Structures are given as structure tokens and as C-alpha cells.
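**Student:** My structure is in input33.pdb, and what it holds is PDB, C-alpha atoms:
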```pdb
ATOM      1  CA  MET A   1     -17.880  22.683 -11.866
ATOM      2  CA  ARG A   2     -20.255  19.819 -11.232
ATOM      3  CA  ALA A   3     -23.211  20.066  -8.849
ATOM      4  CA  ILE A   4     -23.087  17.514  -6.020
ATOM      5  CA  TRP A   5     -26.507  18.252  -4.506
ATOM      6  CA  LYS A   6     -29.774  19.854  -5.521
ATOM      7  CA  GLY A   7     -32.444  21.189  -3.203
ATOM      8  CA  ALA A   8     -33.822  24.423  -1.815
ATOM      9  CA  VAL A   9     -33.155  26.957   0.937
ATOM     10  CA  SER A  10     -36.267  27.407   3.053
ATOM     11  CA  PHE A  11     -36.696  30.345   5.451
ATOM     12  CA  GLY A  12     -40.128  31.516   6.491
ATOM     13  CA  LEU A  13     -42.413  31.358   3.462
ATOM     14  CA  VAL A  14     -39.522  31.896   1.058
ATOM     15  CA  ASN A  15     -38.184  28.927  -0.895
ATOM     16  CA  VAL A  16     -35.014  29.271  -2.995
ATOM     17  CA  PRO A  17     -34.156  26.325  -5.310
ATOM     18  CA  VAL A  18     -30.367  25.931  -5.413
ATOM     19  CA  ARG A  19     -27.569  23.622  -6.510
ATOM     20  CA  LEU A  20     -24.512  22.879  -4.395
ATOM     21  CA  PHE A  21     -20.938  23.083  -5.706
ATOM     22  CA  ALA A  22     -17.654  22.437  -3.903
ATOM     23  CA  ALA A  23     -16.023  25.822  -3.283
ATOM     24  CA  THR A  24     -12.490  24.615  -2.534
ATOM     25  CA  GLU A  25      -9.976  22.093  -3.830
ATOM     26  CA  GLU A  26      -6.544  20.872  -2.808
ATOM     27  CA  ASN A  27      -3.674  21.378  -5.243
ATOM     28  CA  ASP A  28      -1.102  19.239  -3.461
ATOM     29  CA  ILE A  29       1.238  17.252  -5.685
ATOM     30  CA  ARG A  30       0.506  13.580  -5.146
ATOM     31  CA  PHE A  31       3.192  10.921  -5.359
ATOM     32  CA  HIS A  32       2.914   7.189  -5.946
ATOM     33  CA  GLN A  33       4.951   4.676  -4.011
ATOM     34  CA  VAL A  34       7.067   2.794  -6.566
ATOM     35  CA  HIS A  35       9.782   0.152  -6.596
ATOM     36  CA  ARG A  36      13.108   1.977  -6.813
ATOM     37  CA  GLU A  37      14.607  -0.699  -9.086
ATOM     38  CA  ASP A  38      11.999  -0.867 -11.893
ATOM     39  CA  GLY A  39       9.425   1.855 -11.146
ATOM     40  CA  GLY A  40       6.572  -0.587 -10.528
ATOM     41  CA  ARG A  41       3.655   0.643  -8.389
ATOM     42  CA  ILE A  42       3.460  -0.660  -4.822
ATOM     43  CA  ARG A  43       0.118  -2.321  -4.123
ATOM     44  CA  TYR A  44      -1.338  -3.105  -0.719
ATOM     45  CA  LYS A  45      -3.457  -6.152  -0.006
ATOM     46  CA  ARG A  46      -6.297  -6.352   2.482
ATOM     47  CA  THR A  47      -5.302  -9.175   4.800
ATOM     48  CA  CYS A  48      -6.915 -10.490   7.956
ATOM     49  CA  SER A  49      -4.837 -10.100  11.126
ATOM     50  CA  VAL A  50      -6.205 -13.393  12.498
ATOM     51  CA  CYS A  51      -6.029 -15.902   9.632
ATOM     52  CA  GLY A  52      -3.558 -13.968   7.456
ATOM     53  CA  GLU A  53      -5.627 -14.504   4.295
ATOM     54  CA  GLU A  54      -6.454 -11.803   1.764
ATOM     55  CA  VAL A  55     -10.041 -10.544   2.146
ATOM     56  CA  ALA A  56     -12.344  -9.600  -0.731
ATOM     57  CA  PHE A  57     -14.479  -6.441  -0.639
ATOM     58  CA  ASP A  58     -17.722  -8.384  -0.275
ATOM     59  CA  ALA A  59     -16.365 -10.132   2.839
ATOM     60  CA  ILE A  60     -15.525  -6.910   4.689
ATOM     61  CA  ALA A  61     -17.861  -5.512   7.362
ATOM     62  CA  LYS A  62     -17.697  -2.541   9.716
ATOM     63  CA  GLY A  63     -16.603  -3.251  13.276
ATOM     64  CA  TYR A  64     -16.861  -1.078  16.382
ATOM     65  CA  GLU A  65     -14.545  -1.752  19.322
ATOM     66  CA  THR A  66     -15.869  -0.852  22.764
ATOM     67  CA  SER A  67     -13.766   0.577  25.566
ATOM     68  CA  ASP A  68     -13.701  -2.824  27.335
ATOM     69  CA  GLY A  69     -12.375  -4.658  24.270
ATOM     70  CA  GLN A  70     -15.652  -6.000  22.852
ATOM     71  CA  LEU A  71     -16.135  -6.042  19.049
ATOM     72  CA  VAL A  72     -19.517  -5.264  17.479
ATOM     73  CA  ILE A  73     -19.754  -6.151  13.777
ATOM     74  CA  LEU A  74     -22.243  -4.192  11.648
ATOM     75  CA  THR A  75     -23.232  -5.600   8.262
ATOM     76  CA  ASP A  76     -24.705  -3.751   5.297
ATOM     77  CA  GLU A  77     -28.114  -5.148   6.261
ATOM     78  CA  ASP A  78     -27.779  -3.644   9.750
ATOM     79  CA  LEU A  79     -26.885  -0.242   8.355
ATOM     80  CA  ASP A  80     -29.732  -0.333   5.819
ATOM     81  CA  GLN A  81     -32.220  -0.495   8.701
ATOM     82  CA  LEU A  82     -31.017   2.795  10.189
ATOM     83  CA  PRO A  83     -32.999   5.997   9.559
ATOM     84  CA  VAL A  84     -31.315   7.949   6.795
ATOM     85  CA  ALA A  85     -31.479  11.717   6.388
ATOM     86  CA  THR A  86     -32.550  12.375   2.781
ATOM     87  CA  SER A  87     -34.278  15.763   2.947
ATOM     88  CA  HIS A  88     -33.518  18.032   0.013
ATOM     89  CA  GLU A  89     -34.187  21.215   1.921
ATOM     90  CA  ILE A  90     -31.781  23.519   3.685
ATOM     91  CA  ASP A  91     -33.841  24.518   6.708
ATOM     92  CA  VAL A  92     -32.926  27.834   8.307
ATOM     93  CA  VAL A  93     -33.123  27.475  12.085
ATOM     94  CA  GLU A  94     -32.130  30.995  13.087
ATOM     95  CA  PHE A  95     -30.074  34.041  12.099
ATOM     96  CA  VAL A  96     -27.158  34.906  14.399
ATOM     97  CA  PRO A  97     -24.535  37.695  14.462
ATOM     98  CA  SER A  98     -21.534  36.757  12.334
ATOM     99  CA  ASN A  99     -19.055  37.438  15.139
ATOM    100  CA  GLN A 100     -20.729  34.823  17.381
ATOM    101  CA  VAL A 101     -19.779  31.860  15.193
ATOM    102  CA  ASP A 102     -16.341  30.544  16.121
ATOM    103  CA  PRO A 103     -14.327  29.736  12.957
ATOM    104  CA  ILE A 104     -13.045  26.556  14.629
ATOM    105  CA  LEU A 105     -16.465  25.051  13.944
ATOM    106  CA  PHE A 106     -16.191  25.526  10.178
ATOM    107  CA  ALA A 107     -15.528  22.418   8.094
ATOM    108  CA  LYS A 108     -16.173  22.315   4.328
ATOM    109  CA  THR A 109     -17.348  25.146   2.075
ATOM    110  CA  TYR A 110     -19.790  25.014  -0.852
ATOM    111  CA  TYR A 111     -21.252  27.529  -3.279
ATOM    112  CA  LEU A 112     -25.018  27.820  -3.652
ATOM    113  CA  GLU A 113     -26.164  28.538  -7.208
ATOM    114  CA  PRO A 114     -29.803  29.586  -7.665
ATOM    115  CA  ASP A 115     -32.052  28.162 -10.336
ATOM    116  CA  ALA A 116     -32.846  30.440 -13.277
ATOM    117  CA  LYS A 117     -36.238  31.370 -11.786
ATOM    118  CA  ALA A 118     -34.890  31.886  -8.260
ATOM    119  CA  ALA A 119     -32.541  34.818  -8.860
ATOM    120  CA  LYS A 120     -34.751  37.313  -7.012
ATOM    121  CA  PRO A 121     -35.309  35.367  -3.746
ATOM    122  CA  TYR A 122     -31.613  34.369  -3.814
ATOM    123  CA  ALA A 123     -30.594  38.039  -4.043
ATOM    124  CA  LEU A 124     -33.128  38.899  -1.332
ATOM    125  CA  LEU A 125     -31.560  36.428   1.104
ATOM    126  CA  ARG A 126     -28.042  37.541   0.198
ATOM    127  CA  GLU A 127     -28.731  41.237   0.736
ATOM    128  CA  ALA A 128     -30.603  40.540   3.981
ATOM    129  CA  LEU A 129     -27.574  38.698   5.386
ATOM    130  CA  ILE A 130     -25.293  41.570   4.377
ATOM    131  CA  GLU A 131     -27.592  44.260   5.722
ATOM    132  CA  THR A 132     -28.069  42.618   9.106
ATOM    133  CA  GLU A 133     -24.458  41.312   9.379
ATOM    134  CA  ARG A 134     -25.769  37.895  10.313
ATOM    135  CA  MET A 135     -25.315  34.265   9.308
ATOM    136  CA  ALA A 136     -28.083  31.728   8.868
ATOM    137  CA  ILE A 137     -27.771  28.601  11.016
ATOM    138  CA  VAL A 138     -29.171  25.714   8.968
ATOM    139  CA  LYS A 139     -29.518  21.952   8.988
ATOM    140  CA  VAL A 140     -28.892  20.021   5.787
ATOM    141  CA  ALA A 141     -28.608  16.346   4.796
ATOM    142  CA  LEU A 142     -25.522  15.669   2.667
ATOM    143  CA  ARG A 143     -24.629  12.120   1.632
ATOM    144  CA  GLN A 144     -27.293  10.626   3.896
ATOM    145  CA  LYS A 145     -25.939  12.430   6.952
ATOM    146  CA  GLU A 146     -27.505  15.427   8.649
ATOM    147  CA  THR A 147     -25.087  18.184   9.482
ATOM    148  CA  LEU A 148     -25.091  21.656  10.957
ATOM    149  CA  ALA A 149     -24.057  24.502   8.650
ATOM    150  CA  VAL A 150     -24.162  28.259   8.136
ATOM    151  CA  LEU A 151     -25.118  30.400   5.167
ATOM    152  CA  ARG A 152     -22.883  33.418   4.670
ATOM    153  CA  VAL A 153     -22.064  35.758   1.805
ATOM    154  CA  ARG A 154     -18.841  35.963  -0.191
ATOM    155  CA  ASP A 155     -18.808  38.497  -3.041
ATOM    156  CA  LYS A 156     -22.131  37.873  -4.817
ATOM    157  CA  ALA A 157     -22.475  34.216  -3.841
ATOM    158  CA  ILE A 158     -24.072  32.606  -0.830
ATOM    159  CA  LEU A 159     -21.831  30.012   0.780
ATOM    160  CA  LEU A 160     -22.942  26.961   2.701
ATOM    161  CA  GLN A 161     -20.257  26.087   5.218
ATOM    162  CA  THR A 162     -20.699  22.840   7.126
ATOM    163  CA  MET A 163     -19.861  22.862  10.812
ATOM    164  CA  LEU A 164     -18.642  20.467  13.439
ATOM    165  CA  TRP A 165     -21.000  19.496  16.211
ATOM    166  CA  PRO A 166     -20.050  21.098  19.557
ATOM    167  CA  ASP A 167     -18.888  17.788  21.054
ATOM    168  CA  GLU A 168     -16.419  17.371  18.160
ATOM    169  CA  VAL A 169     -14.334  20.363  19.254
ATOM    170  CA  ARG A 170     -11.648  19.512  21.805
ATOM    171  CA  LYS A 171     -10.892  21.722  24.777
ATOM    172  CA  PRO A 172      -7.294  22.906  25.369
ATOM    173  CA  ASP A 173      -6.403  20.947  28.490
ATOM    174  CA  PHE A 174      -3.017  22.518  29.234
ATOM    175  CA  ALA A 175      -2.184  23.117  32.899
ATOM    176  CA  ILE A 176       0.346  25.812  32.046
ATOM    177  CA  LEU A 177      -2.450  28.062  30.761
ATOM    178  CA  ASP A 178      -3.850  28.311  34.303
ATOM    179  CA  SER A 179      -0.566  29.504  35.802
ATOM    180  CA  ASP A 180      -0.172  33.164  36.742
ATOM    181  CA  VAL A 181       2.090  35.083  34.363
ATOM    182  CA  GLU A 182       3.164  38.625  35.254
ATOM    183  CA  LEU A 183       3.267  41.014  32.305
ATOM    184  CA  ARG A 184       4.777  44.449  32.774
ATOM    185  CA  PRO A 185       3.091  47.480  31.137
ATOM    186  CA  GLN A 186       6.252  48.201  29.138
ATOM    187  CA  GLU A 187       6.178  44.700  27.641
ATOM    188  CA  LEU A 188       2.510  44.999  26.686
ATOM    189  CA  LYS A 189       3.136  48.393  25.096
ATOM    190  CA  MET A 190       6.115  47.086  23.142
ATOM    191  CA  ALA A 191       4.148  44.035  21.927
ATOM    192  CA  ALA A 192       1.257  46.239  20.828
ATOM    193  CA  SER A 193       3.703  48.539  19.011
ATOM    194  CA  LEU A 194       5.178  45.557  17.179
ATOM    195  CA  VAL A 195       1.717  44.408  16.125
ATOM    196  CA  GLU A 196       0.857  47.857  14.792
ATOM    197  CA  SER A 197       4.134  48.052  12.847
ATOM    198  CA  MET A 198       3.269  44.799  11.055
ATOM    199  CA  ALA A 199      -0.434  45.577  10.538
ATOM    200  CA  ALA A 200      -1.787  45.123   6.995
ATOM    201  CA  ASP A 201      -4.912  44.201   5.058
ATOM    202  CA  PHE A 202      -5.097  40.500   4.308
ATOM    203  CA  GLU A 203      -4.715  39.738   0.604
ATOM    204  CA  PRO A 204      -4.450  35.954   0.100
ATOM    205  CA  GLU A 205      -3.231  36.376  -3.495
ATOM    206  CA  GLN A 206       0.095  37.581  -2.113
ATOM    207  CA  PHE A 207       0.832  34.157  -0.633
ATOM    208  CA  SER A 208       1.814  30.977  -2.428
ATOM    209  CA  ASP A 209       2.862  27.424  -1.623
ATOM    210  CA  ASN A 210       6.648  27.644  -1.881
ATOM    211  CA  TYR A 211       7.106  23.931  -1.251
ATOM    212  CA  ARG A 212       4.774  22.904  -4.081
ATOM    213  CA  GLU A 213       6.464  25.340  -6.471
ATOM    214  CA  ALA A 214       9.876  23.910  -5.533
ATOM    215  CA  VAL A 215       8.629  20.356  -6.156
ATOM    216  CA  VAL A 216       7.325  21.374  -9.609
ATOM    217  CA  GLU A 217      10.685  22.968 -10.461
ATOM    218  CA  LEU A 218      12.498  19.823  -9.310
ATOM    219  CA  ILE A 219      10.307  17.584 -11.480
ATOM    220  CA  ASP A 220      10.706  19.880 -14.520
ATOM    221  CA  ALA A 221      14.485  19.927 -14.077
ATOM    222  CA  LYS A 222      14.653  16.132 -13.981
ATOM    223  CA  LEU A 223      12.531  15.921 -17.143
ATOM    224  CA  GLU A 224      14.799  18.376 -18.968
ATOM    225  CA  ARG A 225      17.887  16.345 -17.970
ATOM    226  CA  GLY A 226      16.254  13.183 -19.231
ATOM    227  CA  GLU A 227      16.009  11.672 -15.761
ATOM    228  CA  SER A 228      12.694   9.978 -16.443
ATOM    229  CA  ALA A 229      11.540   6.567 -17.582
ATOM    230  CA  THR A 230       8.534   5.148 -19.396
ATOM    231  CA  LEU A 231       5.920   3.823 -17.038
ATOM    232  CA  PRO A 232       6.228   0.043 -16.856
ATOM    233  CA  GLY A 233       3.247  -2.135 -17.733
ATOM    234  CA  THR A 234       1.109  -2.623 -14.657
ATOM    235  CA  ASP A 235      -1.968  -4.596 -13.768
ATOM    236  CA  LYS A 236      -5.012  -2.441 -14.513
ATOM    237  CA  GLN A 237      -7.356  -4.365 -12.226
ATOM    238  CA  PRO A 238      -6.988  -2.128  -9.131
ATOM    239  CA  LYS A 239      -8.379   0.804 -11.129
ATOM    240  CA  ALA A 240     -11.564  -1.169 -11.659
ATOM    241  CA  GLY A 241     -11.935  -1.342  -7.894
ATOM    242  CA  LYS A 242     -11.829   2.439  -7.688
ATOM    243  CA  THR A 243     -14.562   2.637 -10.320
ATOM    244  CA  GLY A 244     -16.637   0.324  -8.167
ATOM    245  CA  GLU A 245     -16.304   2.709  -5.237
ATOM    246  CA  VAL A 246     -17.663   5.552  -7.383
ATOM    247  CA  VAL A 247     -20.591   3.399  -8.447
ATOM    248  CA  ASP A 248     -21.287   2.683  -4.767
ATOM    249  CA  LEU A 249     -21.402   6.400  -4.012
ATOM    250  CA  LEU A 250     -23.756   7.057  -6.912
ATOM    251  CA  THR A 251     -25.910   4.154  -5.799
ATOM    252  CA  ALA A 252     -26.095   5.518  -2.276
ATOM    253  CA  LEU A 253     -27.136   8.943  -3.552
ATOM    254  CA  GLN A 254     -29.718   7.366  -5.888
ATOM    255  CA  ARG A 255     -31.194   5.365  -3.013
ATOM    256  CA  SER A 256     -31.508   8.511  -0.910
ATOM    257  CA  VAL A 257     -33.400  10.241  -3.727
ATOM    258  CA  ASP A 258     -35.691   7.231  -4.192
ATOM    259  CA  ARG A 259     -36.503   7.029  -0.494
ATOM    260  CA  ALA A 260     -37.282  10.754  -0.404
ATOM    261  CA  ARG A 261     -39.762  10.286  -3.261
ATOM    262  CA  GLY A 262     -41.208   7.176  -1.628
ATOM    263  CA  THR A 263     -40.508   4.884  -4.584
ATOM    264  CA  ALA A 264     -38.369   1.804  -5.000
ATOM    265  CA  SER A 265     -35.664   2.091  -7.667
ATOM    266  CA  GLU A 266     -34.947  -0.980  -9.747
ATOM    267  CA  ASP A 267     -32.103   0.844 -11.496
ATOM    268  CA  GLY A 268     -30.414   1.436  -8.154
ATOM    269  CA  ALA A 269     -30.548  -2.283  -7.381
ATOM    270  CA  ALA A 270     -29.046  -3.088 -10.773
ATOM    271  CA  GLU A 271     -26.225  -0.601 -10.254
ATOM    272  CA  SER A 272     -25.590  -2.058  -6.807
ATOM    273  CA  ALA A 273     -25.242  -5.543  -8.313
ATOM    274  CA  GLU A 274     -22.854  -4.257 -10.965
ATOM    275  CA  SER A 275     -20.769  -2.453  -8.335
ATOM    276  CA  LYS A 276     -20.473  -5.647  -6.247
ATOM    277  CA  GLN A 277     -19.244  -7.521  -9.329
ATOM    278  CA  GLY A 278     -16.771  -4.717  -9.996
ATOM    279  CA  GLU A 279     -15.485  -5.008  -6.419
ATOM    280  CA  ALA A 280     -15.285  -8.807  -6.479
ATOM    281  CA  GLU A 281     -13.329  -8.989  -9.747
ATOM    282  CA  PRO A 282     -10.314  -6.975  -8.506
ATOM    283  CA  ALA A 283     -10.184  -9.153  -5.386
ATOM    284  CA  LYS A 284     -10.021 -12.301  -7.507
ATOM    285  CA  ALA A 285      -7.409 -10.767  -9.731
ATOM    286  CA  THR A 286      -5.129 -10.091  -6.789
ATOM    287  CA  LYS A 287      -5.255 -13.742  -5.784
ATOM    288  CA  SER A 288      -4.289 -15.053  -9.214
ATOM    289  CA  SER A 289      -0.546 -14.769  -9.662
ATOM    290  CA  PRO A 290      -0.400 -15.278 -13.461
ATOM    291  CA  ALA A 291      -1.749 -11.753 -14.058
ATOM    292  CA  LYS A 292       1.671 -10.580 -15.314
ATOM    293  CA  LYS A 293       1.886 -13.400 -17.880
ATOM    294  CA  ALA A 294      -1.193 -12.234 -19.790
ATOM    295  CA  PRO A 295       0.643  -9.663 -21.983
ATOM    296  CA  ALA A 296       3.212 -12.363 -22.960
ATOM    297  CA  LYS A 297       0.463 -14.535 -24.471
ATOM    298  CA  LYS A 298      -0.770 -11.636 -26.602
ATOM    299  CA  SER A 299       2.693 -11.041 -28.039
ATOM    300  CA  ALA A 300       3.003 -14.630 -29.361
ATOM    301  CA  PRO A 301       0.283 -14.355 -32.062
ATOM    302  CA  ALA A 302       1.993 -11.257 -33.433
ATOM    303  CA  LYS A 303       4.925 -13.396 -34.639
ATOM    304  CA  THR A 304       2.653 -16.014 -36.216
ATOM    305  CA  ALA A 305       0.688 -13.267 -37.945
ATOM    306  CA  ALA A 306       3.918 -11.820 -39.328
ATOM    307  CA  ALA A 307       4.994 -15.284 -40.450
ATOM    308  CA  SER A 308       1.683 -15.890 -42.196
ATOM    309  CA  LYS A 309       1.994 -12.578 -44.054
ATOM    310  CA  ALA A 310       5.437 -13.531 -45.406
ATOM    311  CA  PRO A 311       4.219 -16.367 -47.723
ATOM    312  CA  ALA A 312       1.463 -14.095 -48.935
ATOM    313  CA  LYS A 313       4.028 -11.496 -50.020
ATOM    314  CA  LYS A 314       6.084 -14.207 -51.798
ATOM    315  CA  ALA A 315       3.017 -15.455 -53.624
ATOM    316  CA  ALA A 316       2.138 -11.957 -54.777
ATOM    317  CA  ALA A 317       5.697 -11.428 -56.001
ATOM    318  CA  ALA A 318       5.631 -14.726 -57.893
ATOM    319  CA  LYS A 319       2.392 -13.811 -59.684
ATOM    320  CA  LYS A 320       3.831 -10.482 -60.770
ATOM    321  CA  ALA A 321       7.054 -12.093 -61.990
ATOM    322  CA  ALA A 322       5.338 -14.735 -64.160
ATOM    323  CA  PRO A 323       3.708 -12.311 -66.665
ATOM    324  CA  ALA A 324       6.984 -10.480 -66.992
ATOM    325  CA  LYS A 325       8.749 -13.691 -68.181
ATOM    326  CA  LYS A 326       5.992 -14.425 -70.735
ATOM    327  CA  ALA A 327       6.288 -10.953 -72.180
ATOM    328  CA  ALA A 328      10.005 -11.401 -72.545
ATOM    329  CA  SER A 329       9.555 -14.740 -74.449
ATOM    330  CA  LYS A 330       7.086 -13.188 -76.949
ATOM    331  CA  SER A 331       9.408 -10.331 -77.783
ATOM    332  CA  ALA A 332      12.174 -12.833 -78.458
TER
END
```
Reformat the file's structure so that it appears as C-alpha cells.

**Tutor:**
Amino acid sequence: MRAIWKGAVSFGLVNVPVRLFAATEENDIRFHQVHREDGGRIRYKRTCSVCGEEVAFDAIAKGYETSDGQLVILTDEDLDQLPVATSHEIDVVEFVPSNQVDPILFAKTYYLEPDAKAAKPYALLREALIETERMAIVKVALRQKETLAVLRVRDKAILLQTMLWPDEVRKPDFAILDSDVELRPQELKMAASLVESMAADFEPEQFSDNYREAVVELIDAKLERGESATLPGTDKQPKAGKTGEVVDLLTALQRSVDRARGTASEDGAAESAESKQGEAEPAKATKSSPAKKAPAKKSAPAKTAAASKAPAKKAAAAKKAAPAKKAASKSA
């Protein structure tokens, strides 16, 4: 696994240096949209709904639409002026009973790995959470955004689980829930008996994704029957755009580190310039239609090279044949 964040857990006078790792991953089988006739990938262009023209990455801004139909456009310069959360500390606000945290608030889960010299305070925090049956409510800045989270224990590891803010949880506004429903004692007893008859300890290893397994079997069967084709040659430019997005993310993280240290990073500015060039090049490539003709030009020199090798072979054969004739004349 690869660490995505490095900082420290701070509670009281105890400071635990840690690294953050993603604890979960999705194993869904991903499909590409392709042309049924020739298998070519389907590409989508970014076009403007007003002028109909294709828009390059560097010409795209963020827009917020108000409830009365007004549009507020925010540029990169506007966003750069906003205060950014770059603290590299996980600040413990309070410790609460585990049963008081509603699971609906949980979002993404991460593992906390202690530094080599922080094994003892890490174990101290872990055992304290287990002993008191509590979770630590913390605030942490991830990807320049402050979020609420909890620290809880799973096996021997401390988990950091980000949480939704309270106003992000919707309320069930269903009128039928307020209606009076009469339940007879016999029905309640029968329902409770059914629950008890199906009671068990939860073991997640017993469950599997039947749909994904069926898709894998279907793909394997088609491969065995030879129902596959070689991927057609495609334009590689869109992949460069994805690389540019990664560079942007790394640049953003680098800037947050530099601001936390109070220094200006020249390397970050250079990477930002390179990422903008990487984003602009794919946009230009999509406008130029002759992109598919490029491989045809490369194939032409191959024939000329083969033709130029042919006379060379004839010349070599002629040189070898000449001494053979002279030897024959001397023997005569």
C-alpha cells in the first residue's frame, strides 16, 4: 500500500506520528464503451452548450448556479485566495461512547500506521479506546479540506473514518411513517421468533459478489471460445490528459505542504506549468482530425527501407560469386 498522508495524532500531551493508508477498495469490473462494429473506444468531447465549440481544459472554470438562475463563475485565481486547511495534525476533540456515533455519518475508512519510534504511544491510544469502549472525535485536513472523523480500533490497527457533516444527512420525510399502525401482540411475538430463528454471528467472509463472479465466468467463457479480438489502434492522447490530472493532484498536495512550512515552492510552480501543457496538448489533439493518419505515414518508410536492403543483398551476393568464378578458371 502507498501512504496518502503523513502527520500525527495529537491528544493531550501525547503526539503519535502516523501515516495514512486507504483501508478499502472497490473490485467492480469496469467496462469501456466501444463501437460494436470495430471495437473502437468511444470518446466524449467537452463542448459548450452556448456556442457548440469544443473547450480546452485551460478554458474551463467552475460555475455556481444560484436558486434564482444567476451564474457565478470562479476562476483558479479566485480559489487560490481562499483559506486552505493544510494542518498535518489529527486533533482529538473529545472521546465519545461508540454506540453514540450513528453509522450513517461514516464515509471513507483509512488505516493509521505509526512511525517506528511511535509504537508505544500508538498502542497506548489503541488500548485506551478498547478499554473505555469509546471513539475519538477528531478534525483532520485531507486534500486541502477539513473534515470530521473518528478514530476507532479494528484488530490491532487504529482506523480513521471520515464523517459527513450533520447538515449532509437527509431526514426521512415520509408522511406514511407518521400514520398509526396497529400491531397485535401475536404478530410481534411471531416476528421476534422469526428473527431469533435466523440469528447468527456476522462473518463477512461467507458472502461474495455473485454478479461479479458471473461476469468473470462469462468473460472467461468467451475467451475460451475465441470470441475476442485484438484491440484496434487508438489515439493515445487522451491518456496524457489523465496523467495531467494526476500531476495536478500532486501539485495541489505539494502546495499544501509548502504553505504549511511557510515557504514558496519553485518546483511546485514548474510542475503546475508542465501539467497545464499536458492538459492543453490533448485538447489540441482532439481538434486535429488527421490524428488517425499518423500511423500510415510511419508504415511508408518501412517499404523503402526494405527496398534499399534488397540491392545491398544483391551486391553482397555478387561479391561472393566473383571469387568463385576466378577459382574455377585457375583450376581449369

**Student:** What is the atom CA of Leu164 of chain A-atom CA of Ile176 of chain A distance in Å, reported with one decimal?

**Tutor:**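 Distance reported for this atom pair: 27.1 Å.
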
**Student:** Could you name the residues that touch segment 63-67 of chain A at 12 Å or less, counting only C-alpha atoms, but leaving out those on the same chain fewer than 4 positions away, as a list in words?

**Tutor:** Leu71, Val72, Ile73, Leu74, Thr75, Asp76, Asp78 and Leu79 of chain A

**Student:** Please measure the separation of atom CA of Lys222 of chain A and atom CA of Asn27 of chain A, giving the value in Å to one decimal.

**Tutor:**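 So the two atoms, atom CA of Lys222 of chain A and atom CA of Asn27 of chain A, lie 21.0 Å apart.
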
**Student:** Given the file shown, determine the residues that the PyMOL selection byres ((chain A and resi 130) around 12) selects; report them as a list in words.

**Tutor:** Phe95, Pro97, Ser98, Ala123, Leu124, Leu125, Arg126, Glu127, Ala128, Leu129, Glu131, Thr132, Glu133, Arg134, Met135, Ala136, Leu151, Arg152, Val153, Arg154, Asp155, Lys156, Ala157 and Ile158 of chain A

**Student:** How many Å separate atom CA of Ala149 of chain A from atom CA of Phe21 of chain A?

**Tutor:**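 Rounded to one decimal, the two atoms are 14.8 Å apart.
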
**Student:** Mind listing whatever residues come within 10 Å of the point (4.4, 8.0, -9.1)? Use all atoms listed in the file, file coordinates, and give them as an MDAnalysis selection string.

**Tutor:** chainID A and resid 30:35 39:42 231
